[in-house]
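*Asks:* my_file.cif is the file, holding mmCIF, C-alpha atoms:
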```cif
data_run
loop_
_atom_site.group_PDB
_atom_site.id
_atom_site.type_symbol
_atom_site.label_atom_id
_atom_site.label_comp_id
_atom_site.auth_asym_id
_atom_site.auth_seq_id
_atom_site.Cartn_x
_atom_site.Cartn_y
_atom_site.Cartn_z
ATOM 1 C CA MET A 1 -54.079 260.366 34.005
ATOM 2 C CA ARG A 2 -52.729 258.033 31.374
ATOM 3 C CA LYS A 3 -54.023 260.316 28.645
ATOM 4 C CA ARG A 4 -52.234 263.262 30.181
ATOM 5 C CA LEU A 5 -49.036 261.326 30.374
ATOM 6 C CA LEU A 6 -49.356 260.328 26.760
ATOM 7 C CA ALA A 7 -50.019 263.938 25.738
ATOM 8 C CA GLY A 8 -47.012 265.041 27.710
ATOM 9 C CA LEU A 9 -44.851 262.410 26.094
ATOM 10 C CA THR A 10 -46.059 263.370 22.630
ATOM 11 C CA ALA A 11 -45.358 267.022 23.327
ATOM 12 C CA TRP A 12 -41.892 266.127 24.604
ATOM 13 C CA LEU A 13 -41.183 264.065 21.498
ATOM 14 C CA LEU A 14 -42.347 266.886 19.281
ATOM 15 C CA VAL A 15 -40.312 269.479 21.074
ATOM 16 C CA SER A 16 -37.164 267.387 21.043
ATOM 17 C CA GLY A 17 -37.804 266.575 17.404
ATOM 18 C CA VAL A 18 -38.076 270.258 16.582
ATOM 19 C CA VAL A 19 -35.221 271.370 18.763
ATOM 20 C CA SER A 20 -32.596 268.824 17.790
ATOM 21 C CA PRO A 21 -32.466 269.687 14.052
ATOM 22 C CA THR A 22 -32.000 273.358 15.014
ATOM 23 C CA LEU A 23 -29.172 272.417 17.360
ATOM 24 C CA SER A 24 -27.375 270.312 14.802
ATOM 25 C CA ALA A 25 -27.730 273.120 12.234
ATOM 26 C CA ALA A 26 -26.082 275.513 14.691
ATOM 27 C CA LYS A 27 -23.309 272.981 15.227
ATOM 28 C CA GLU A 28 -22.514 272.910 11.519
ATOM 29 C CA ASN A 29 -21.598 276.589 11.640
ATOM 30 C CA GLN A 30 -19.020 275.921 14.342
ATOM 31 C CA PRO A 31 -15.498 275.052 13.199
ATOM 32 C CA ALA A 32 -15.088 271.303 13.031
ATOM 33 C CA PRO A 33 -13.066 269.714 15.817
ATOM 34 C CA PRO A 34 -9.654 268.498 14.702
ATOM 35 C CA LYS A 35 -9.396 264.977 13.374
ATOM 36 C CA LEU A 36 -6.449 264.185 15.629
ATOM 37 C CA LYS A 37 -7.172 264.306 19.339
ATOM 38 C CA VAL A 38 -4.987 264.613 22.397
ATOM 39 C CA GLY A 39 -3.622 261.135 23.070
ATOM 40 C CA ASP A 40 -3.526 260.118 19.397
ATOM 41 C CA THR A 41 -0.238 259.232 17.747
ATOM 42 C CA ALA A 42 0.878 262.035 15.451
ATOM 43 C CA PRO A 43 1.484 260.740 11.920
ATOM 44 C CA ASP A 44 5.110 260.884 10.807
ATOM 45 C CA PHE A 45 5.946 263.366 8.075
ATOM 46 C CA LYS A 46 8.908 264.561 6.095
ATOM 47 C CA LEU A 47 8.956 268.188 4.988
ATOM 48 C CA GLN A 48 11.530 270.610 3.661
ATOM 49 C CA TYR A 49 12.573 274.063 4.739
ATOM 50 C CA PHE A 50 15.063 276.502 3.261
ATOM 51 C CA ASP A 51 17.870 277.591 5.573
ATOM 52 C CA GLY A 52 19.144 280.345 3.261
ATOM 53 C CA ASN A 53 21.579 278.070 1.415
ATOM 54 C CA ASP A 54 20.029 274.650 1.072
ATOM 55 C CA LEU A 55 16.764 272.812 1.310
ATOM 56 C CA LYS A 56 16.798 270.712 4.486
ATOM 57 C CA ASP A 57 14.618 267.767 5.416
ATOM 58 C CA VAL A 58 12.797 267.685 8.694
ATOM 59 C CA SER A 59 10.750 264.742 9.949
ATOM 60 C CA LEU A 60 8.782 263.997 13.078
ATOM 61 C CA SER A 61 10.553 260.668 13.578
ATOM 62 C CA GLN A 62 13.956 262.335 13.896
ATOM 63 C CA TYR A 63 12.815 263.773 17.268
ATOM 64 C CA ARG A 64 11.301 260.543 18.583
ATOM 65 C CA GLY A 65 12.613 259.829 22.078
ATOM 66 C CA LYS A 66 14.685 263.031 21.995
ATOM 67 C CA LYS A 67 12.485 266.099 21.909
ATOM 68 C CA ASN A 68 8.903 267.210 22.107
ATOM 69 C CA VAL A 69 7.770 268.862 18.897
ATOM 70 C CA VAL A 70 5.452 271.806 18.478
ATOM 71 C CA LEU A 71 3.880 271.601 15.056
ATOM 72 C CA ALA A 72 2.374 274.995 14.339
ATOM 73 C CA PHE A 73 0.262 275.090 11.188
ATOM 74 C CA TYR A 74 -0.467 278.584 9.894
ATOM 75 C CA ILE A 75 -2.575 279.672 6.972
ATOM 76 C CA PHE A 76 -0.247 281.750 4.781
ATOM 77 C CA ALA A 77 3.180 283.349 5.063
ATOM 78 C CA PHE A 78 3.166 287.157 5.310
ATOM 79 C CA THR A 79 -0.255 287.309 6.930
ATOM 80 C CA GLY A 80 0.356 288.542 10.455
ATOM 81 C CA GLY A 81 1.582 286.489 13.432
ATOM 82 C CA MET B 1 4.925 282.423 14.707
ATOM 83 C CA LYS B 2 6.291 285.531 16.397
ATOM 84 C CA ASN B 3 4.736 284.392 19.650
ATOM 85 C CA PHE B 4 6.609 281.108 19.436
ATOM 86 C CA GLN B 5 9.822 282.999 18.727
ATOM 87 C CA GLN B 6 9.262 285.055 21.888
ATOM 88 C CA ASN B 7 8.948 281.815 23.864
ATOM 89 C CA LEU B 8 11.666 279.926 22.033
ATOM 90 C CA GLN B 9 14.200 279.921 24.878
ATOM 91 C CA LYS B 10 11.650 278.489 27.296
ATOM 92 C CA LEU B 11 10.592 275.856 24.782
ATOM 93 C CA GLU B 12 14.153 274.858 23.965
ATOM 94 C CA ALA B 13 14.973 274.680 27.676
ATOM 95 C CA ALA B 14 12.077 272.207 27.969
ATOM 96 C CA ASP B 15 13.497 269.965 25.194
ATOM 97 C CA THR B 16 11.006 271.164 22.625
ATOM 98 C CA GLN B 17 11.587 271.754 18.921
ATOM 99 C CA VAL B 18 9.264 274.240 17.233
ATOM 100 C CA LEU B 19 8.347 273.733 13.589
ATOM 101 C CA GLY B 20 6.063 276.054 11.688
ATOM 102 C CA VAL B 21 4.243 274.492 8.748
ATOM 103 C CA SER B 22 2.297 276.066 5.894
ATOM 104 C CA MET B 23 1.531 275.289 2.289
ATOM 105 C CA ASP B 24 3.763 278.121 1.062
ATOM 106 C CA SER B 25 6.997 277.305 -0.779
ATOM 107 C CA PRO B 26 10.136 276.809 1.366
ATOM 108 C CA PHE B 27 11.601 279.984 -0.154
ATOM 109 C CA ALA B 28 8.573 282.116 0.685
ATOM 110 C CA ASN B 29 8.612 280.697 4.193
ATOM 111 C CA LYS B 30 12.302 281.582 4.629
ATOM 112 C CA ALA B 31 11.596 285.162 3.516
ATOM 113 C CA PHE B 32 8.662 285.266 5.938
ATOM 114 C CA ALA B 33 10.831 283.917 8.782
ATOM 115 C CA ASP B 34 13.483 286.570 8.084
ATOM 116 C CA GLN B 35 10.881 289.334 7.942
ATOM 117 C CA ILE B 36 9.374 288.500 11.327
ATOM 118 C CA GLY B 37 12.618 287.387 12.987
ATOM 119 C CA VAL B 38 11.743 283.696 13.395
ATOM 120 C CA LYS B 39 14.765 281.454 13.997
ATOM 121 C CA PHE B 40 13.085 278.045 13.950
ATOM 122 C CA PRO B 41 12.307 276.239 10.663
ATOM 123 C CA LEU B 42 9.163 277.149 8.765
ATOM 124 C CA ALA B 43 8.611 273.984 6.768
ATOM 125 C CA SER B 44 6.807 273.857 3.462
ATOM 126 C CA ASP B 45 3.956 271.459 2.878
ATOM 127 C CA TRP B 46 3.772 272.276 -0.820
ATOM 128 C CA GLY B 47 0.782 270.372 -2.162
ATOM 129 C CA GLY B 48 -0.704 269.927 1.306
ATOM 130 C CA GLU B 49 -0.103 266.224 1.850
ATOM 131 C CA VAL B 50 0.801 266.575 5.535
ATOM 132 C CA THR B 51 -1.853 269.248 6.087
ATOM 133 C CA ARG B 52 -4.477 266.757 4.850
ATOM 134 C CA GLN B 53 -2.918 263.884 6.784
ATOM 135 C CA TYR B 54 -3.302 265.938 9.963
ATOM 136 C CA GLY B 55 -6.881 266.795 9.022
ATOM 137 C CA VAL B 56 -6.290 270.557 9.034
ATOM 138 C CA TYR B 57 -6.791 271.370 5.347
ATOM 139 C CA VAL B 58 -9.568 273.904 4.799
ATOM 140 C CA ASP B 59 -11.277 273.846 1.390
ATOM 141 C CA GLU B 60 -12.320 277.469 1.727
ATOM 142 C CA TYR B 61 -8.712 278.723 2.049
ATOM 143 C CA LYS B 62 -7.114 275.971 -0.032
ATOM 144 C CA ALA B 63 -4.638 275.984 2.857
ATOM 145 C CA ALA B 64 -4.241 274.876 6.472
ATOM 146 C CA ARG B 65 -6.236 276.211 9.386
ATOM 147 C CA ARG B 66 -4.291 277.698 12.258
ATOM 148 C CA ILE B 67 -3.558 274.933 14.746
ATOM 149 C CA ASN B 68 -0.768 273.989 17.140
ATOM 150 C CA PHE B 69 0.024 270.432 18.120
ATOM 151 C CA LEU B 70 2.353 269.607 20.985
ATOM 152 C CA ILE B 71 3.758 266.155 20.298
ATOM 153 C CA GLY B 72 5.615 264.308 23.051
ATOM 154 C CA LYS B 73 8.837 262.356 22.691
ATOM 155 C CA ASP B 74 6.745 259.199 22.350
ATOM 156 C CA GLY B 75 4.967 260.643 19.297
ATOM 157 C CA LYS B 76 1.636 261.164 21.081
ATOM 158 C CA ILE B 77 -0.286 264.411 20.912
ATOM 159 C CA LEU B 78 -0.216 266.155 24.298
ATOM 160 C CA GLU B 79 -1.958 269.455 23.575
ATOM 161 C CA GLU B 80 -3.839 271.159 20.778
ATOM 162 C CA GLN B 81 -4.697 274.794 20.151
ATOM 163 C CA LEU B 82 -7.144 275.696 17.457
ATOM 164 C CA ASP B 83 -7.791 278.763 15.288
ATOM 165 C CA LYS B 84 -7.739 282.027 17.324
ATOM 166 C CA GLU B 85 -6.639 280.181 20.443
ATOM 167 C CA ALA B 86 -3.535 279.064 18.549
ATOM 168 C CA ILE B 87 -2.157 282.610 18.257
ATOM 169 C CA ASP B 88 -1.073 282.688 21.896
ATOM 170 C CA PRO B 89 1.009 279.574 22.682
ATOM 171 C CA THR B 90 1.057 280.062 26.479
ATOM 172 C CA LYS B 91 -0.836 276.798 27.050
ATOM 173 C CA ILE B 92 1.716 274.846 25.037
ATOM 174 C CA VAL B 93 4.681 276.530 26.694
ATOM 175 C CA ALA B 94 3.193 275.691 30.105
ATOM 176 C CA ALA B 95 2.601 272.083 29.059
ATOM 177 C CA CYS B 96 6.215 271.688 27.936
ATOM 178 C CA GLN B 97 7.401 272.946 31.267
ATOM 179 C CA ARG B 98 5.399 270.394 33.224
ATOM 180 C CA PRO B 99 7.941 268.180 34.982
ATOM 181 C CA LYS B 100 6.780 264.885 33.450
ATOM 182 C CA LEU B 101 7.751 266.118 29.982
ATOM 183 C CA LYS B 102 11.277 266.930 31.042
ATOM 184 C CA GLN B 103 12.291 263.285 31.558
#
```
With the file now loaded, output its structure as structure tokens.
*Replies:*
Amino acid sequence: MRKRLLAGLTAWLLVSGVVSPTLSAAKENQPAPPKLKVGDTAPDFKLQYFDGNDLKDVSLSQYRGKKNVVLAFYIFAFTGG
Amino acid sequence: MKNFQQNLQKLEAADTQVLGVSMDSPFANKAFADQIGVKFPLASDWGGEVTRQYGVYVDEYKAARRINFLIGKDGKILEEQLDKEAIDPTKIVAACQRPKLKQ
């Protein structure tokens, strides 16, 4: 009985040993989760945009206590949506 | 960005400012905004400092990944949408309209 248990345990260890590297390899192909999570404080920033006449500053802190901010990062201008 | 423009009235009614951000120049981004009819600022993170600070810089593109953050008035992140999911901002629009955010 004890031998069987031991064999079972060994098999289980082997299987989990074999399976877990495969799983973590599959995980690496998935896009990484974002560094900042829901609930984290968004870092302040100051950026510029062009309004057609002048370069204007825009910062996160200027909206603090006044407005929510949607910060929408996109890859490149002129590439769809 | 067009999808945010289509929802801009709802977002503004819920006290929400939309800012697009990419690593293009401010002038390219203005031309892009005009081309697609976007009225909110498309800010330039030339050099990528903010993109890196937010952890969304992708080596492969040498640019940002597509991601939306909804940041509350207290500066905390309330919602995130990543990659393909970030094209349709419905989840963020709905979150802005939740009563607790209207205070």
*Asks:* Hey, what comes out of the PyMOL selection byres ((chain A) within 7 of (chain B)) on this file? Could you write it as a PyMOL selection string?
*Replies:* chain A and resi 34-36+38-42+45+47-51+63-78+81
*Asks:* Can you tell me how far CA of Asn7 (chain B) sits from CA of Thr90 (chain B), in Å to one decimal?
*Replies:*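 Straight-line distance from CA of Asn7 (chain B) to CA of Thr90 (chain B) works out to 8.5 Å.
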*Asks:* Could you tell me how far CA of Leu60 (chain A) lies from CA of Asp44 (chain A), in Å and to one decimal?
*Replies:* 5.3 Å
*Asks:* One decimal, in Å: what's the spacing between CA of Gln5 (chain B) and CA of Lys91 (chain B)?
*Replies:*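 CA of Gln5 (chain B) sits 14.9 Å away from CA of Lys91 (chain B).
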*Asks:* Work out where the centre of an axis-aligned box around every listed atom of region 28-46 of chain B lies and how long its edges are once 3 Å is added on each side; give both in Å to one decimal as lines of an AutoDock Vina configuration file.
*Replies:*
```
center_x = 9.3
center_y = 280.4
center_z = 6.6
size_x = 17.0
size_y = 23.9
size_z = 20.8
```
*Asks:* Kindly output region 53-71 of chain A as a CSV table (one decimal), keeping the file's coordinate frame, after building N, CA and C atoms.
*Replies:*
```
chain,number,residue,atom,x,y,z
A,53,ASN,N,20.6,278.6,2.4
A,53,ASN,CA,21.6,278.1,1.4
A,53,ASN,C,21.0,276.8,0.7
A,54,ASP,N,20.5,276.0,1.6
A,54,ASP,CA,20.0,274.6,1.1
A,54,ASP,C,18.6,274.3,1.5
A,55,LEU,N,18.0,273.4,0.8
A,55,LEU,CA,16.8,272.8,1.3
A,55,LEU,C,17.1,271.7,2.3
A,56,LYS,N,16.5,271.7,3.5
A,56,LYS,CA,16.8,270.7,4.5
A,56,LYS,C,15.5,269.9,4.8
A,57,ASP,N,15.7,268.6,5.0
A,57,ASP,CA,14.6,267.8,5.4
A,57,ASP,C,14.4,267.9,6.9
A,58,VAL,N,13.1,267.8,7.3
A,58,VAL,CA,12.8,267.7,8.7
A,58,VAL,C,11.6,266.7,8.8
A,59,SER,N,11.8,265.8,9.8
A,59,SER,CA,10.8,264.7,9.9
A,59,SER,C,10.4,264.7,11.4
A,60,LEU,N,9.2,264.2,11.7
A,60,LEU,CA,8.8,264.0,13.1
A,60,LEU,C,9.6,262.9,13.7
A,61,SER,N,9.9,261.8,13.0
A,61,SER,CA,10.6,260.7,13.6
A,61,SER,C,12.0,261.0,14.0
A,62,GLN,N,12.6,262.0,13.5
A,62,GLN,CA,14.0,262.3,13.9
A,62,GLN,C,14.0,262.8,15.3
A,63,TYR,N,12.9,263.3,15.9
A,63,TYR,CA,12.8,263.8,17.3
A,63,TYR,C,12.3,262.7,18.3
A,64,ARG,N,11.9,261.6,17.7
A,64,ARG,CA,11.3,260.5,18.6
A,64,ARG,C,12.3,260.2,19.7
A,65,GLY,N,11.8,260.2,20.9
A,65,GLY,CA,12.6,259.8,22.1
A,65,GLY,C,13.6,260.9,22.5
A,66,LYS,N,13.7,262.0,21.7
A,66,LYS,CA,14.7,263.0,22.0
A,66,LYS,C,14.1,264.3,22.4
A,67,LYS,N,13.1,264.8,21.6
A,67,LYS,CA,12.5,266.1,21.9
A,67,LYS,C,11.0,266.0,21.7
A,68,ASN,N,10.3,266.9,22.5
A,68,ASN,CA,8.9,267.2,22.1
A,68,ASN,C,8.9,268.1,20.8
A,69,VAL,N,7.9,268.0,20.1
A,69,VAL,CA,7.8,268.9,18.9
A,69,VAL,C,6.5,269.7,18.9
A,70,VAL,N,6.6,271.0,18.7
A,70,VAL,CA,5.5,271.8,18.5
A,70,VAL,C,5.3,271.9,17.0
A,71,LEU,N,4.2,271.5,16.5
A,71,LEU,CA,3.9,271.6,15.1
A,71,LEU,C,2.8,272.7,14.9
```
